[in-house]
Structure formats: C-alpha cells, structure tokens
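S.K.: Next comes start_35.pdb, PDB, C-alpha atoms, pLDDT in the B column:
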MODEL        1
ATOM      1  CA  MET A  26     -59.244  62.656  88.130  1.00 51.00           C
ATOM      2  CA  GLY A  27     -56.435  61.440  85.863  1.00 55.00           C
ATOM      3  CA  SER A  28     -55.148  62.153  82.413  1.00 78.00           C
ATOM      4  CA  ASP A  29     -55.223  58.473  81.395  1.00 93.00           C
ATOM      5  CA  PRO A  30     -58.685  57.040  82.108  1.00 94.00           C
ATOM      6  CA  HIS A  31     -57.921  53.843  80.166  1.00 95.00           C
ATOM      7  CA  GLY A  32     -54.774  53.130  82.161  1.00 95.00           C
ATOM      8  CA  ARG A  33     -56.572  53.904  85.408  1.00 96.00           C
ATOM      9  CA  PHE A  34     -59.424  51.556  84.498  1.00 96.00           C
ATOM     10  CA  VAL A  35     -57.000  48.748  83.626  1.00 97.00           C
ATOM     11  CA  GLN A  36     -55.251  49.223  86.977  1.00 96.00           C
ATOM     12  CA  ILE A  37     -58.566  49.163  88.881  1.00 96.00           C
ATOM     13  CA  TYR A  38     -59.746  46.132  86.909  1.00 96.00           C
ATOM     14  CA  GLU A  39     -56.554  44.158  87.536  1.00 96.00           C
ATOM     15  CA  HIS A  40     -56.628  44.987  91.239  1.00 95.00           C
ATOM     16  CA  ALA A  41     -60.343  44.409  91.867  1.00 95.00           C
ATOM     17  CA  TYR A  42     -61.569  41.841  89.334  1.00 96.00           C
ATOM     18  CA  ARG A  43     -60.968  38.700  91.408  1.00 96.00           C
ATOM     19  CA  PRO A  44     -62.447  40.076  94.660  1.00 93.00           C
ATOM     20  CA  ILE A  45     -65.516  41.426  92.822  1.00 95.00           C
ATOM     21  CA  LEU A  46     -65.964  38.170  90.923  1.00 95.00           C
ATOM     22  CA  GLY A  47     -65.795  36.195  94.166  1.00 94.00           C
ATOM     23  CA  TYR A  48     -68.283  38.550  95.811  1.00 94.00           C
ATOM     24  CA  VAL A  49     -70.750  38.140  92.955  1.00 95.00           C
ATOM     25  CA  LEU A  50     -70.253  34.370  92.551  1.00 95.00           C
ATOM     26  CA  ARG A  51     -71.127  33.866  96.225  1.00 93.00           C
ATOM     27  CA  ARG A  52     -74.401  35.677  95.637  1.00 93.00           C
ATOM     28  CA  CYS A  53     -75.510  34.250  92.269  1.00 93.00           C
ATOM     29  CA  GLU A  54     -76.749  30.732  91.664  1.00 90.00           C
ATOM     30  CA  ASP A  55     -75.786  30.774  87.990  1.00 93.00           C
ATOM     31  CA  PRO A  56     -72.194  31.539  86.906  1.00 94.00           C
ATOM     32  CA  ASP A  57     -73.530  33.097  83.689  1.00 95.00           C
ATOM     33  CA  ASP A  58     -75.601  35.526  85.749  1.00 95.00           C
ATOM     34  CA  ALA A  59     -72.536  36.276  87.847  1.00 96.00           C
ATOM     35  CA  ALA A  60     -70.551  37.043  84.696  1.00 96.00           C
ATOM     36  CA  ASP A  61     -73.282  39.454  83.574  1.00 96.00           C
ATOM     37  CA  VAL A  62     -73.278  41.230  86.944  1.00 97.00           C
ATOM     38  CA  VAL A  63     -69.474  41.526  86.986  1.00 97.00           C
ATOM     39  CA  ALA A  64     -69.524  42.860  83.421  1.00 97.00           C
ATOM     40  CA  GLU A  65     -72.170  45.427  84.388  1.00 97.00           C
ATOM     41  CA  THR A  66     -70.127  46.410  87.443  1.00 97.00           C
ATOM     42  CA  PHE A  67     -67.005  47.122  85.421  1.00 97.00           C
ATOM     43  CA  ALA A  68     -68.999  48.779  82.626  1.00 97.00           C
ATOM     44  CA  THR A  69     -70.320  51.180  85.258  1.00 97.00           C
ATOM     45  CA  ALA A  70     -66.776  51.756  86.496  1.00 97.00           C
ATOM     46  CA  TRP A  71     -65.671  52.558  82.944  1.00 97.00           C
ATOM     47  CA  ARG A  72     -68.571  54.968  82.359  1.00 97.00           C
ATOM     48  CA  ARG A  73     -67.954  56.678  85.690  1.00 97.00           C
ATOM     49  CA  ILE A  74     -64.155  56.363  85.842  1.00 96.00           C
ATOM     50  CA  ASP A  75     -63.793  59.948  87.070  1.00 95.00           C
ATOM     51  CA  GLU A  76     -66.013  59.131  90.074  1.00 95.00           C
ATOM     52  CA  VAL A  77     -64.097  56.006  91.113  1.00 96.00           C
ATOM     53  CA  PRO A  78     -62.142  56.845  94.271  1.00 95.00           C
ATOM     54  CA  PRO A  79     -58.374  56.304  94.365  1.00 94.00           C
ATOM     55  CA  GLY A  80     -56.475  53.390  95.872  1.00 91.00           C
ATOM     56  CA  ASP A  81     -58.223  50.575  97.715  1.00 88.00           C
ATOM     57  CA  GLU A  82     -61.336  52.747  97.987  1.00 94.00           C
ATOM     58  CA  ALA A  83     -61.959  51.828  94.334  1.00 95.00           C
ATOM     59  CA  ARG A  84     -62.495  48.186  95.297  1.00 94.00           C
ATOM     60  CA  LEU A  85     -64.947  49.200  98.017  1.00 94.00           C
ATOM     61  CA  TRP A  86     -66.753  51.466  95.560  1.00 94.00           C
ATOM     62  CA  LEU A  87     -66.978  48.509  93.136  1.00 96.00           C
ATOM     63  CA  TYR A  88     -68.524  46.335  95.856  1.00 95.00           C
ATOM     64  CA  GLY A  89     -71.279  48.930  96.130  1.00 93.00           C
ATOM     65  CA  VAL A  90     -71.753  48.981  92.369  1.00 96.00           C
ATOM     66  CA  ALA A  91     -71.807  45.158  92.269  1.00 96.00           C
ATOM     67  CA  ARG A  92     -74.351  45.103  95.099  1.00 95.00           C
ATOM     68  CA  ARG A  93     -76.677  47.420  93.140  1.00 95.00           C
ATOM     69  CA  ALA A  94     -76.095  45.430  89.926  1.00 97.00           C
ATOM     70  CA  LEU A  95     -77.049  42.238  91.787  1.00 95.00           C
ATOM     71  CA  ALA A  96     -80.220  43.900  93.088  1.00 94.00           C
ATOM     72  CA  ASN A  97     -81.114  45.045  89.559  1.00 96.00           C
ATOM     73  CA  HIS A  98     -80.437  41.552  88.241  1.00 95.00           C
ATOM     74  CA  ARG A  99     -82.703  39.987  90.871  1.00 94.00           C
ATOM     75  CA  ARG A 100     -85.484  42.482  90.141  1.00 95.00           C
ATOM     76  CA  GLY A 101     -85.151  41.669  86.445  1.00 94.00           C
ATOM     77  CA  GLU A 102     -85.383  37.942  87.182  1.00 93.00           C
ATOM     78  CA  ARG A 103     -88.524  38.479  89.266  1.00 94.00           C
ATOM     79  CA  ARG A 104     -90.132  40.583  86.522  1.00 95.00           C
ATOM     80  CA  HIS A 105     -89.239  37.894  83.979  1.00 93.00           C
ATOM     81  CA  GLU A 106     -90.744  35.172  86.171  1.00 92.00           C
ATOM     82  CA  GLN A 107     -93.918  37.222  86.663  1.00 93.00           C
ATOM     83  CA  ARG A 108     -94.280  37.904  82.934  1.00 93.00           C
ATOM     84  CA  THR A 109     -93.642  34.243  82.162  1.00 92.00           C
ATOM     85  CA  ALA A 110     -96.293  33.149  84.681  1.00 91.00           C
ATOM     86  CA  ALA A 111     -98.788  35.656  83.250  1.00 89.00           C
ATOM     87  CA  LEU A 112     -98.062  34.494  79.706  1.00 89.00           C
ATOM     88  CA  ARG A 113     -98.431  30.866  80.757  1.00 87.00           C
ATOM     89  CA  GLU A 114    -101.866  31.696  82.240  1.00 86.00           C
ATOM     90  CA  GLN A 115    -102.906  33.505  79.062  1.00 85.00           C
ATOM     91  CA  LEU A 116    -101.790  30.616  76.900  1.00 81.00           C
ATOM     92  CA  ASN A 117    -103.593  28.077  79.068  1.00 77.00           C
ATOM     93  CA  ALA A 118    -106.804  30.109  78.824  1.00 78.00           C
ATOM     94  CA  SER A 119    -106.372  30.913  75.132  1.00 72.00           C
ATOM     95  CA  ASN A 120    -108.721  29.604  72.491  1.00 60.00           C
ATOM     96  CA  ALA A 121    -105.732  29.506  70.161  1.00 56.00           C
ATOM     97  CA  LEU A 122    -104.665  26.305  71.851  1.00 56.00           C
ATOM     98  CA  THR A 123    -107.935  24.576  70.997  1.00 58.00           C
ATOM     99  CA  GLY A 124    -108.273  23.295  67.493  1.00 55.00           C
ATOM    100  CA  PRO A 125    -108.037  20.085  65.587  1.00 55.00           C
ATOM    101  CA  SER A 126    -107.857  16.777  67.371  1.00 58.00           C
ATOM    102  CA  ALA A 127    -104.429  15.420  68.236  1.00 59.00           C
ATOM    103  CA  ALA A 128    -104.558  13.038  65.265  1.00 60.00           C
ATOM    104  CA  GLU A 129    -105.584  15.801  62.851  1.00 58.00           C
ATOM    105  CA  TYR A 130    -102.980  18.127  64.302  1.00 66.00           C
ATOM    106  CA  THR A 131    -100.329  15.491  63.842  1.00 81.00           C
ATOM    107  CA  GLN A 132    -101.357  15.017  60.206  1.00 82.00           C
ATOM    108  CA  LEU A 133    -101.524  18.770  59.656  1.00 81.00           C
ATOM    109  CA  GLY A 134     -98.133  19.215  61.291  1.00 84.00           C
ATOM    110  CA  ARG A 135     -96.628  16.470  59.172  1.00 87.00           C
ATOM    111  CA  ALA A 136     -98.040  18.055  56.025  1.00 87.00           C
ATOM    112  CA  PHE A 137     -96.648  21.437  57.044  1.00 88.00           C
ATOM    113  CA  ARG A 138     -93.254  19.990  57.978  1.00 88.00           C
ATOM    114  CA  SER A 139     -93.092  18.226  54.608  1.00 91.00           C
ATOM    115  CA  LEU A 140     -92.778  21.640  52.944  1.00 93.00           C
ATOM    116  CA  SER A 141     -89.412  23.271  52.334  1.00 93.00           C
ATOM    117  CA  ASP A 142     -88.034  25.658  54.956  1.00 90.00           C
ATOM    118  CA  ASP A 143     -88.712  28.579  52.606  1.00 91.00           C
ATOM    119  CA  ASP A 144     -92.359  27.563  52.084  1.00 93.00           C
ATOM    120  CA  ARG A 145     -92.905  27.085  55.832  1.00 90.00           C
ATOM    121  CA  GLU A 146     -91.332  30.460  56.622  1.00 90.00           C
ATOM    122  CA  LEU A 147     -93.404  32.255  54.006  1.00 92.00           C
ATOM    123  CA  LEU A 148     -96.680  30.634  55.061  1.00 93.00           C
ATOM    124  CA  SER A 149     -95.878  31.248  58.726  1.00 88.00           C
ATOM    125  CA  LEU A 150     -95.173  34.931  58.169  1.00 90.00           C
ATOM    126  CA  VAL A 151     -98.525  35.344  56.439  1.00 91.00           C
ATOM    127  CA  ALA A 152    -100.713  33.087  58.594  1.00 89.00           C
ATOM    128  CA  TRP A 153     -99.196  33.263  62.057  1.00 85.00           C
ATOM    129  CA  GLU A 154     -97.469  36.644  62.052  1.00 86.00           C
ATOM    130  CA  GLN A 155    -100.253  38.144  59.898  1.00 88.00           C
ATOM    131  CA  LEU A 156     -97.853  40.095  57.696  1.00 89.00           C
ATOM    132  CA  ASP A 157     -99.053  41.413  54.359  1.00 92.00           C
ATOM    133  CA  THR A 158     -97.058  40.972  51.162  1.00 92.00           C
ATOM    134  CA  LYS A 159     -95.300  44.328  51.583  1.00 93.00           C
ATOM    135  CA  GLN A 160     -94.203  43.410  55.126  1.00 92.00           C
ATOM    136  CA  VAL A 161     -93.119  39.928  54.054  1.00 90.00           C
ATOM    137  CA  ALA A 162     -91.105  41.447  51.211  1.00 91.00           C
ATOM    138  CA  ARG A 163     -89.286  43.732  53.662  1.00 90.00           C
ATOM    139  CA  THR A 164     -88.714  40.894  56.119  1.00 87.00           C
ATOM    140  CA  LEU A 165     -87.285  38.553  53.490  1.00 88.00           C
ATOM    141  CA  GLY A 166     -85.508  41.228  51.459  1.00 90.00           C
ATOM    142  CA  ILE A 167     -87.320  40.403  48.217  1.00 92.00           C
ATOM    143  CA  THR A 168     -89.831  42.223  46.011  1.00 94.00           C
ATOM    144  CA  ARG A 169     -93.571  42.189  46.644  1.00 94.00           C
ATOM    145  CA  ASN A 170     -94.073  40.491  43.309  1.00 96.00           C
ATOM    146  CA  ALA A 171     -91.640  37.722  44.299  1.00 95.00           C
ATOM    147  CA  VAL A 172     -93.612  37.299  47.549  1.00 94.00           C
ATOM    148  CA  ARG A 173     -96.885  36.960  45.642  1.00 95.00           C
ATOM    149  CA  VAL A 174     -95.454  34.342  43.268  1.00 96.00           C
ATOM    150  CA  ARG A 175     -93.719  32.362  46.016  1.00 95.00           C
ATOM    151  CA  LEU A 176     -96.766  32.563  48.276  1.00 95.00           C
ATOM    152  CA  HIS A 177     -99.052  31.281  45.504  1.00 95.00           C
ATOM    153  CA  ARG A 178     -96.714  28.348  44.881  1.00 96.00           C
ATOM    154  CA  ALA A 179     -96.275  27.621  48.607  1.00 95.00           C
ATOM    155  CA  ARG A 180    -100.052  27.588  49.112  1.00 94.00           C
ATOM    156  CA  ARG A 181    -100.494  25.139  46.250  1.00 94.00           C
ATOM    157  CA  ARG A 182     -97.775  22.844  47.616  1.00 94.00           C
ATOM    158  CA  PHE A 183     -99.345  22.986  51.071  1.00 92.00           C
ATOM    159  CA  ALA A 184    -102.782  22.217  49.632  1.00 90.00           C
ATOM    160  CA  ARG A 185    -101.299  19.180  47.850  1.00 91.00           C
ATOM    161  CA  ALA A 186     -99.578  18.044  51.043  1.00 91.00           C
ATOM    162  CA  LEU A 187    -102.862  18.388  52.956  1.00 89.00           C
ATOM    163  CA  ALA A 188    -104.738  16.460  50.294  1.00 88.00           C
ATOM    164  CA  ASP A 189    -102.060  13.746  50.316  1.00 88.00           C
ATOM    165  CA  ALA A 190    -102.519  13.518  54.113  1.00 85.00           C
ATOM    166  CA  GLY A 191    -106.274  13.114  53.664  1.00 84.00           C
ATOM    167  CA  ILE A 192    -107.086  16.495  55.185  1.00 82.00           C
ATOM    168  CA  ASP A 193    -109.947  18.253  53.450  1.00 76.00           C
ATOM    169  CA  ILE A 194    -110.119  22.005  53.997  1.00 70.00           C
ATOM    170  CA  PRO A 195    -112.769  23.228  51.548  1.00 61.00           C
ATOM    171  CA  LEU A 196    -112.051  26.943  51.920  1.00 49.00           C
ATOM    172  CA  PHE A 197    -108.282  26.505  51.882  1.00 46.00           C
ATOM    173  CA  GLU A 198    -107.697  28.270  48.562  1.00 47.00           C
ATOM    174  CA  ARG A 199    -109.760  31.278  49.712  1.00 43.00           C
ATOM    175  CA  THR A 200    -108.253  31.765  53.163  1.00 48.00           C
ATOM    176  CA  ALA A 201    -105.488  34.058  54.282  1.00 45.00           C
ATOM    177  CA  LEU A 202    -103.008  31.222  54.062  1.00 48.00           C
TER
ENDMDL
END
Step by step, read the file and then write its structure as structure tokens.
M.R.:
Amino acid sequence: MGSDPHGRFVQIYEHAYRPILGYVLRRCEDPDDAADVVAETFATAWRRIDEVPPGDEARLWLYGVARRALANHRRGERRHEQRTAALREQLNASNALTGPSAAEYTQLGRAFRSLSDDDRELLSLVAWEQLDTKQVARTLGITRNAVRVRLHRARRRFARALADAGIDIPLFERTAL
C-alpha cells in the first residue's frame, strides 16, 4: 500500500494506541493482560501492514483485531484454568503425595536443605527428573565424569545429613539417588 511500511505503522500506532488501549482495558480485569492484548494487536498490524486500511478505517480495523485478540486471550485463560484444575485433581489423587509422615518429611526436608545448592540440584536432577549422567552433564554443561564424581560426593553428603537427622534408609547407597 505504501513505500514506507515503518512510517505508516508509526503513524497508525500514534493515532490509534490510546483508543485501542482504552478499549482493551475496559474489557480486561488485569492490566498486564491488557498490555499483552494491545501488544498482540499492534504486532498483527505490523505483520499485516499492507492490509491495514487507510485513514480512520485503520483504527476501526484495529478494534476488530483487538476484539479477536481478546477472544483468543480468554480462550487461553479458560484452557489454562482447565489444565490447572485437571492437574490439581491428578496431584490430589497421586500416590506421589503419600510418603513419610509429616515429622519424617520435615526431617528429610531439613537434611536435604542442609546440602549446598549444587548438591540439591544434582540430586534433584537424578532422583526427581530421572535424568541419567549423560543428560545431567548436558543440562549442567559439564562432563559425564564430573557428574559421576559430584554425584558420588553429593550422595555421601546426603547420607551423612540423613544419618545426622536420625533417618535410617538401609538401601540408600544402592538406590537411584
């Protein structure tokens, strides 16, 4: 439509930003969500600058884009809420949430938290994320041999911390931790 798409976009933006922002703010509960919708609206205008009609029609076209962006945002929020509810149900029904008593868990947690950040991260990657030494090495950006050495030392420190807390796990040295 024009030889200067950047200049045209700037002109459209300066003319329509405030009305579009007001339109979106009146329809969003959260100002951060409104900012996202406005950003998406103008990103669409930039991508489709040759389709934006001239003059004041551009503002009307942007209202339509903002309306669709709001609808997409609301659908995304609903999907997020549904996934969150489903995950909450799964977690409530999960056996993973059953385990040691609250007192034992507290002691176990204290023993784990007494380790250095590096030891906790390494043990977590192996035990909770179930990564092997090759995957841990890639994740941490170190060699597999360094992972093996650090993991051996972290396990020993954790075993000492458990013993100091009075927690006896007989198979600890032979487990995946």
S.K.: Just give me the gap between atom CA of A:Ala60 and atom CA of A:Tyr48 in Å, one decimal is fine.
M.R.: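 We find that atom CA of A:Ala60 and atom CA of A:Tyr48 lie 11.4 Å from each other.
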S.K.: Which stretch 60-168 of chain A residues have any atom within 9 Å of an atom of stretch 44-47 of chain A, and for each, what is the nearest pair of atoms with distance in Å to one decimal, counting all atoms listed in the file, rows sorted by chain and number, as CSV?
M.R.:
residue,atom,partner,partner_atom,distance
A:Ala60,CA,A:Leu46,CA,7.8
A:Val62,CA,A:Leu46,CA,8.9
A:Val63,CA,A:Leu46,CA,6.3
A:Thr66,CA,A:Ile45,CA,8.7
A:Arg84,CA,A:Ile45,CA,7.8
A:Leu87,CA,A:Ile45,CA,7.2
A:Tyr88,CA,A:Ile45,CA,6.5
A:Ala91,CA,A:Ile45,CA,7.3
S.K.: As a list in words, please: the residues near A:Cys53 (cut-off 10 Å, all atoms listed in the file, same-chain neighbours under 4 positions excluded).
M.R.: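 Contacts, with the query itself left out: Tyr48, Val49, Asp57, Asp58, Ala59, Ala60, Val62, Leu95, His98 and Arg99 of chain A.
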S.K.: Give me, as an MDAnalysis selection string, all polymer residues having an atom no more than 12 Å from A:Phe183, counting all atoms listed in the file and skipping those fewer than 3 positions away in the same chain.
M.R.: chainID A and resid 133:141 144:145 147:149 176:180 186:190 192:194 197:198 202
S.K.: Using all atoms listed in the file, determine which residues lie at most 12 Å from A:Ser28, disregarding the query and same-chain residues fewer than 3 positions distant; provide the list as an MDAnalysis selection string.
M.R.: chainID A and resid 31:34 74:75
S.K.: What does the structure give for the distance between atom CA of A:Arg72 and atom CA of A:Val35, in Å to one decimal?
M.R.: 13.2 Å
S.K.: Which of these residues is nearest to A:Val77, using all atoms listed in the file: A:Ile37, A:Val161, A:Ala64, A:Ala94?
M.R.: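 Residue with the minimum atom-to-atom distance to A:Val77: A:Ile37.
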